[in-house]
Structure formats: C-alpha cells, structure tokens
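**Student:** Questions regarding the structure given below will be posed in turn.
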Amino acid sequence: MNPANFDTILIVGHGSREDSGNQEIREFTEQWRARRPDWRIELCFIEFAPPEMNAALLKAAQTSSRVLVVPLILNAAGHVKMEIPEAIEQARAACPQTEILLAPHLTACDPILAILKRRLRKLMNTLDMPDPTTTGVVVLGRGSSDRGANGEMAKMARWLMEEGDHELVDLAFTGITWPRLEKVVQRHVLLGMRQIVVLPYYLYTGTLMQRIHRQVEHLRTQYPQIRFACGEHFGFEKEIFELMDQRVEDLRAGVQDSRLPCDGCSYREIAHDMGHGHSHAHTHDHAHAPAEAAHGHDHAHDHAHGHAHGHDHAHDHDHDHAKGQPA
C-alpha cells in the first residue's frame with residue numbers, strides 16, 4: 001500500500017533543556033508504538049529537542065493523506081493554543097492535499113484525577129497512613145500567564161479534595177504565577193498540618209522536577225516537625241496511553257469537540273498580532289474591542305481569550321518573560 005494512504009499520528013511534546021525529559025517522551029513514543037503496532041506514530045518537539053515541530057509536521061503532511069496531531073501536554077497555554085495551530089496552518093498551506101487535524105491537549109479530566117488519587121494513596125502509605133485531616137496536599141505544577149491553563153490545575157486540586165478525606169488541598173506553581181510551594185507550605189503549617197504531601201503535576205522529568213525535589217529537601221530542613229512526602233511525574237501511567245488512544249479514535253470518528261478549539265480560531269491570529277496569548281478557558285469573554293468591531297458580531301459563545309503574552313515560558317527555565325519580550 002502506498003504510504004501516502006496512511007494516517008500519521010504526530011505526538012507533540014514540549015521539549016526540555018534536560019535531555020532526560022526528552023528521552024522519556026521518546027520512550028513513551030516507543031511504548032505507544034508497541035501498544036499500537038498498526039498505527040504510524042511519529043514524534044516531534046516544540047522546542048529544545050529534535051525533531052523540531054514545523055519540520056516534522058511538514059514531513060508528515062508530505063508523506064500521508066491525513067495527519068492527526070496529538071499534543072502530549074497537560075495544560076494548554078501559548079504553545080498549544082498559538083504555536084501548534086500556527087505550525088499546522090503552515091503545513092496545510094504547503095500540503096493542501098493533506099488533511100491535518102489537531103486533538104486537544106490532555107487537559108483536566110477524570111483519568112488524570114485517577115492518577116493523582118492513586119499517587120496520593122501511595123504517598124500516604126509512605127507516611128504510614130496518617131490522619132488525612134492533619135495531612136495537607138499540594139498539587140504543584142507549571143505556572144502560566146494563561147489563566148485557562150492555571151484554572152485547569154485548580155480544577156484538579158478541587159476535584160481531588162472533593163473525592164477524598166483531606167480537608168486542605170492547595171495549588172502551587174513552580175514559576176510565572178503564584179503561589180509558590182514555600183508560601184503554601186507555610187500556610188499549611190500555620191493551619192496545623194502535621195504532614196504535607198507534594199503532588200507534582202508533571203508528565204516527565206526535567207529541570208523543574210529536579211528543582212521540586214530540592215525544594216522539598218529545603219522544606220524538610222526548614223520545618224523539621226513536619227513530615228513531607230513528594231511524588232514523581234506520571235507520564236507513563238496507563239491513563240496517559242488511554243487518553244492518547246482516545247484522542248486519535250475521536251479524531252478519526254469525527255466526534256464532536258474532538259478538535260482543539262484554537263485550531264482555526266480567527267481570534268488567535270488577532271491575539272498574535274497584538275502580541276498577546278490566547279486563553280480558551282471556554283467562557284469566551286472577548287476583551288478585544290477592535291477585533292469585535294472588525295468582525296461585526298460579539299462572540300457571546302463559550303470561548304475565552306485572556307491575553308497573556310503569546311508564549312508561556314513556564315518550562316525548564318525560571319526567568320519570567322515580560323509581555324512582549326522575546327522568548
């Protein structure tokens with residue numbers, strides 16, 4: 001059969017300055033191929049590691065009749081909402097004969113919640129199952145200038161509290177936004193917690209995961225009366241493979257909402273031109289009056305554009321980019 005008649009499934013990973021994180025994504029790709037030997041699965045990275053996304057997308061479009069782009073990313077900020085759709089538009093222009101579909105990122109959902117609950121139970125076991133009402137939980141993830149991405153993490157922390165016995169489940173971020181881990185731990189100590197569990201909200205290792213473990217060691221020294229337990233990243237859990245399977249099957253079946261809303265959104269281009277990001281928090285309060293005037297209709301549909309800068313560098317470096325600064 002002509003290879004051009006095949007679908008290519010293109011995984012998009014973020015990429016890390018720490019190559020061990022990139023290697024884990026490559027390992028995930030190999031495991032997914034082993035689980036799905038009948039699928040043509042390729043991998044690319046947005047930054048920091050080869051193969052680079054634009055080149056890989058163009059190659060897939062040139063050698064397939066259809067490309068299914070599946071982000072292996074937890075939260076949607078500037079990369080998912082701006083850069084991946086822009087790369088797809090370029091590939092579509094270069095290969096108009098090829099259909100290119102973009103799936104949503106992994107997002108806040110019940111399978112991710114199941115992973116967090118399982119990780120929390122395991123860490124409670126390492127603490128010899130203390131009273132959950134005196135054990136604080138901190139869900140710790142990447143910070144973002146995109147309120148929708150931060151909101152997805154907040155939703156997971158809330159769900160974790162509602163489905164468990166812990167009275168105090170908080171959210172902290174490793175950069176860009178607030179609160180940071182140290183401040184949240186300080187609050188937990190003041191509220192009388194005797195144990196604190198830190199749940200990293202990360203798929204794969206990298207410089208930020210390494211920093212988290214160093215921070216917890218510092219906190220153990222700072223609060224010797226508190227017992228800490230810190231989890232690991234969770235990108236190889238069975239639910240991640242199942243979510244990726246579901247993304248592909250939904251795209252192939254044309255399931256409603258199986259495509260990322262930012263793919264083809266007219267406001268993304270306007271936001272990019274204004275030097276902003278693009279927040280699909282799906283409450284869509286379009287706060288760009290000039291754009292609305294140009295369109296001649298008010299977007300009252302469910303679709304939010306919170307304008308952060310166009311590129312979230314909450315990834316593996318700890319400098320905060322001011323709006324308009326080059327990444």
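Just so we're on the same page: first chain in the structure tokens is A, next is B, and so on; residues restart at 1 for each chain, and ligands are numbered from 1 in the order they show up.
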Can you tell me which residues surround stretch 194-207 of chain A at a distance of at most 7 Å, considering only C-alpha atoms, apart from same-chain residues fewer than 2 positions away, and format the answer as JSON, numbers by chain?
**Tutor:** {"A": [16, 18, 20, 21, 24, 134, 135, 136, 137, 138, 139, 140, 141, 192, 209, 210, 211, 226, 227, 228, 229, 230, 231, 232, 233, 234, 235, 316]}
**Student:** Mind checking DSSP for stretch 60-173 of chain A and telling me the alpha helix (DSSP H) residues as an MDAnalysis selection string?
**Tutor:** chainID A and resid 60:62 78 84:94 110:126 147:162
**Student:** I need the chosen residues saved as a CSV table (one decimal), in the first residue's frame, with N, CA and C atoms.
**Tutor:**
```csv
chain,number,residue,atom,x,y,z
A,60,ALA,N,5.4,14.9,7.7
A,60,ALA,CA,4.2,14.0,7.9
A,60,ALA,C,3.2,14.4,6.8
A,61,ALA,N,3.0,15.7,6.6
A,61,ALA,CA,2.0,16.1,5.6
A,61,ALA,C,2.3,15.7,4.2
A,62,GLN,N,3.6,15.6,3.9
A,62,GLN,CA,4.1,15.3,2.6
A,62,GLN,C,4.0,13.8,2.3
A,78,GLY,N,0.3,29.1,25.8
A,78,GLY,CA,0.7,29.6,24.5
A,78,GLY,C,1.1,28.6,23.4
A,84,ILE,N,1.3,25.5,18.0
A,84,ILE,CA,0.9,24.3,17.3
A,84,ILE,C,-0.1,24.6,16.2
A,85,PRO,N,-1.2,25.4,16.4
A,85,PRO,CA,-2.0,25.7,15.3
A,85,PRO,C,-1.4,26.5,14.2
A,86,GLU,N,-0.4,27.4,14.5
A,86,GLU,CA,0.3,28.2,13.5
A,86,GLU,C,1.1,27.2,12.6
A,87,ALA,N,1.8,26.3,13.3
A,87,ALA,CA,2.6,25.3,12.5
A,87,ALA,C,1.7,24.5,11.6
A,88,ILE,N,0.5,24.1,12.1
A,88,ILE,CA,-0.4,23.4,11.3
A,88,ILE,C,-0.9,24.2,10.1
A,89,GLU,N,-1.2,25.5,10.3
A,89,GLU,CA,-1.6,26.3,9.2
A,89,GLU,C,-0.5,26.4,8.1
A,90,GLN,N,0.8,26.5,8.5
A,90,GLN,CA,1.8,26.5,7.5
A,90,GLN,C,1.9,25.2,6.7
A,91,ALA,N,1.7,24.0,7.5
A,91,ALA,CA,1.8,22.7,6.8
A,91,ALA,C,0.6,22.6,5.8
A,92,ARG,N,-0.6,23.1,6.2
A,92,ARG,CA,-1.7,23.0,5.4
A,92,ARG,C,-1.5,23.8,4.1
A,93,ALA,N,-0.9,25.0,4.2
A,93,ALA,CA,-0.6,25.8,3.1
A,93,ALA,C,0.4,25.1,2.1
A,94,ALA,N,1.3,24.4,2.7
A,94,ALA,CA,2.4,23.8,1.9
A,94,ALA,C,1.8,22.5,1.3
A,110,ASP,N,-11.1,13.2,34.3
A,110,ASP,CA,-11.2,12.1,35.3
A,110,ASP,C,-10.0,11.1,35.3
A,111,PRO,N,-9.5,10.8,34.1
A,111,PRO,CA,-8.3,9.9,34.1
A,111,PRO,C,-7.1,10.5,34.8
A,112,ILE,N,-6.9,11.8,34.6
A,112,ILE,CA,-5.8,12.5,35.3
A,112,ILE,C,-6.1,12.5,36.8
A,113,LEU,N,-7.3,12.7,37.2
A,113,LEU,CA,-7.7,12.7,38.6
A,113,LEU,C,-7.4,11.3,39.2
A,114,ALA,N,-7.7,10.3,38.4
A,114,ALA,CA,-7.4,8.9,38.9
A,114,ALA,C,-6.0,8.7,39.2
A,115,ILE,N,-5.1,9.3,38.4
A,115,ILE,CA,-3.7,9.2,38.6
A,115,ILE,C,-3.3,9.9,39.9
A,116,LEU,N,-3.8,11.1,40.1
A,116,LEU,CA,-3.5,11.9,41.2
A,116,LEU,C,-4.0,11.2,42.5
A,117,LYS,N,-5.2,10.6,42.5
A,117,LYS,CA,-5.7,9.9,43.6
A,117,LYS,C,-4.8,8.7,44.0
A,118,ARG,N,-4.4,8.0,43.0
A,118,ARG,CA,-3.5,6.8,43.2
A,118,ARG,C,-2.2,7.2,43.7
A,119,ARG,N,-1.6,8.3,43.2
A,119,ARG,CA,-0.3,8.8,43.7
A,119,ARG,C,-0.4,9.3,45.1
A,120,LEU,N,-1.6,9.9,45.4
A,120,LEU,CA,-1.8,10.4,46.8
A,120,LEU,C,-1.9,9.2,47.8
A,121,ARG,N,-2.6,8.2,47.4
A,121,ARG,CA,-2.7,7.0,48.3
A,121,ARG,C,-1.3,6.4,48.5
A,122,LYS,N,-0.5,6.3,47.5
A,122,LYS,CA,0.8,5.7,47.6
A,122,LYS,C,1.7,6.5,48.6
A,123,LEU,N,1.6,7.9,48.4
A,123,LEU,CA,2.4,8.7,49.3
A,123,LEU,C,1.9,8.7,50.7
A,124,MET,N,0.6,8.6,50.9
A,124,MET,CA,0.1,8.4,52.3
A,124,MET,C,0.6,7.1,52.9
A,125,ASN,N,0.7,6.1,52.1
A,125,ASN,CA,1.3,4.8,52.6
A,125,ASN,C,2.7,5.0,53.1
A,126,THR,N,3.5,5.8,52.3
A,126,THR,CA,4.9,6.0,52.8
A,126,THR,C,4.9,6.8,54.1
A,147,ARG,N,-4.6,32.2,32.1
A,147,ARG,CA,-5.5,31.9,33.2
A,147,ARG,C,-6.2,30.5,33.0
A,148,GLY,N,-6.5,30.2,31.8
A,148,GLY,CA,-7.1,28.9,31.5
A,148,GLY,C,-6.3,27.7,31.9
A,149,ALA,N,-4.9,27.8,31.6
A,149,ALA,CA,-4.0,26.7,32.0
A,149,ALA,C,-3.9,26.6,33.5
A,150,ASN,N,-3.8,27.7,34.2
A,150,ASN,CA,-3.8,27.7,35.7
A,150,ASN,C,-5.1,27.2,36.2
A,151,GLY,N,-6.2,27.5,35.6
A,151,GLY,CA,-7.5,27.1,36.0
A,151,GLY,C,-7.7,25.6,35.9
A,152,GLU,N,-7.1,25.0,34.9
A,152,GLU,CA,-7.2,23.5,34.8
A,152,GLU,C,-6.6,22.8,36.0
A,153,MET,N,-5.4,23.4,36.4
A,153,MET,CA,-4.8,22.8,37.6
A,153,MET,C,-5.6,23.0,38.8
A,154,ALA,N,-6.2,24.2,39.0
A,154,ALA,CA,-7.1,24.5,40.1
A,154,ALA,C,-8.3,23.5,40.1
A,155,LYS,N,-8.8,23.2,39.0
A,155,LYS,CA,-9.9,22.3,38.9
A,155,LYS,C,-9.5,20.9,39.5
A,156,MET,N,-8.3,20.4,39.1
A,156,MET,CA,-7.8,19.1,39.5
A,156,MET,C,-7.6,19.1,41.0
A,157,ALA,N,-7.1,20.2,41.6
A,157,ALA,CA,-6.9,20.3,43.1
A,157,ALA,C,-8.3,20.2,43.8
A,158,ARG,N,-9.3,20.9,43.2
A,158,ARG,CA,-10.6,20.9,43.8
A,158,ARG,C,-11.2,19.5,43.7
A,159,TRP,N,-11.1,18.9,42.6
A,159,TRP,CA,-11.7,17.5,42.4
A,159,TRP,C,-11.0,16.6,43.4
A,160,LEU,N,-9.7,16.7,43.6
A,160,LEU,CA,-9.0,15.8,44.5
A,160,LEU,C,-9.5,16.0,45.9
A,161,MET,N,-9.8,17.2,46.3
A,161,MET,CA,-10.3,17.5,47.7
A,161,MET,C,-11.7,16.9,47.8
A,162,GLU,N,-12.6,17.1,46.8
A,162,GLU,CA,-14.0,16.7,46.9
A,162,GLU,C,-14.1,15.1,46.9
```
**Student:** Which residues come within 8 Å of stretch 244-248 of chain A, counting only C-alpha atoms, excluding same-chain residues fewer than 3 positions away, as an MDAnalysis selection string?
**Tutor:** chainID A and resid 9 68 70 72 103:104 106 240:241 251:252 258
**Student:** Write out the residues from the selection above, keeping N, CA, C and O atoms, as an mmCIF file, in the first residue's frame.
**Tutor:**
```cif
data_model
loop_
_atom_site.group_PDB
_atom_site.id
_atom_site.type_symbol
_atom_site.label_atom_id
_atom_site.label_comp_id
_atom_site.auth_asym_id
_atom_site.auth_seq_id
_atom_site.Cartn_x
_atom_site.Cartn_y
_atom_site.Cartn_z
ATOM 1 N N ILE A 9 0.157 9.707 12.916
ATOM 2 C CA ILE A 9 -0.168 10.267 14.226
ATOM 3 C C ILE A 9 1.094 10.953 14.726
ATOM 4 O O ILE A 9 2.126 10.305 14.924
ATOM 5 N N LEU A 68 -2.792 13.329 12.126
ATOM 6 C CA LEU A 68 -3.512 13.544 13.377
ATOM 7 C C LEU A 68 -2.494 14.034 14.402
ATOM 8 O O LEU A 68 -1.617 13.277 14.834
ATOM 9 N N VAL A 70 -1.391 15.166 17.979
ATOM 10 C CA VAL A 70 -1.857 14.883 19.337
ATOM 11 C C VAL A 70 -0.840 15.445 20.331
ATOM 12 O O VAL A 70 0.239 14.872 20.515
ATOM 13 N N LEU A 72 1.114 15.875 23.579
ATOM 14 C CA LEU A 72 1.383 15.139 24.816
ATOM 15 C C LEU A 72 1.739 16.167 25.882
ATOM 16 O O LEU A 72 2.866 16.265 26.367
ATOM 17 N N ALA A 103 -5.833 17.433 17.836
ATOM 18 C CA ALA A 103 -6.570 16.998 19.023
ATOM 19 C C ALA A 103 -6.305 17.953 20.187
ATOM 20 O O ALA A 103 -5.310 18.679 20.196
ATOM 21 N N PRO A 104 -7.175 17.955 21.187
ATOM 22 C CA PRO A 104 -6.896 18.747 22.391
ATOM 23 C C PRO A 104 -5.715 18.171 23.163
ATOM 24 O O PRO A 104 -5.346 17.010 23.001
ATOM 25 N N LEU A 106 -4.072 17.022 26.920
ATOM 26 C CA LEU A 106 -4.642 16.003 27.808
ATOM 27 C C LEU A 106 -5.699 16.585 28.736
ATOM 28 O O LEU A 106 -6.664 15.908 29.065
ATOM 29 N N ILE A 240 -2.523 7.749 30.645
ATOM 30 C CA ILE A 240 -1.967 8.645 29.629
ATOM 31 C C ILE A 240 -2.027 7.971 28.261
ATOM 32 O O ILE A 240 -2.441 8.577 27.263
ATOM 33 N N PHE A 241 -1.649 6.693 28.205
ATOM 34 C CA PHE A 241 -1.760 5.955 26.945
ATOM 35 C C PHE A 241 -3.217 5.881 26.489
ATOM 36 O O PHE A 241 -3.522 6.049 25.303
ATOM 37 N N LEU A 251 -10.678 11.734 16.830
ATOM 38 C CA LEU A 251 -10.405 12.476 15.598
ATOM 39 C C LEU A 251 -10.838 11.672 14.377
ATOM 40 O O LEU A 251 -11.450 12.209 13.447
ATOM 41 N N ARG A 252 -10.522 10.390 14.369
ATOM 42 C CA ARG A 252 -10.883 9.550 13.228
ATOM 43 C C ARG A 252 -12.387 9.414 13.067
ATOM 44 O O ARG A 252 -12.895 9.348 11.945
ATOM 45 N N SER A 258 -13.788 16.903 19.397
ATOM 46 C CA SER A 258 -12.552 16.124 19.380
ATOM 47 C C SER A 258 -11.373 16.935 18.863
ATOM 48 O O SER A 258 -10.239 16.472 18.911
#
```
**Student:** Can you list every residue in stretch 6-224 of chain A that DSSP puts in strand (DSSP E or B), as a ChimeraX atom specification?
**Tutor:** /A:7-13,41-45,52,66-71,99-102,135-141,169-173,180,195-201
**Student:** If I take atom CA of A:Cys44 and atom CA of A:Gly13, how far is one from the other in Å, to one decimal?
**Tutor:**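 Between these atoms lies a distance of 6.3 Å.
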**Student:** Counting only C-alpha atoms, what is within 6 Å of A:Pro71, bar same-chain residues fewer than 4 positions away, as a PyMOL selection string?
**Tutor:** chain A and resi 11-12+105
**Student:** Work out how far atom CA of A:Asn54 is from atom CA of A:Trp39, in Å to one decimal.
**Tutor:**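 A separation of 21.3 Å between them.
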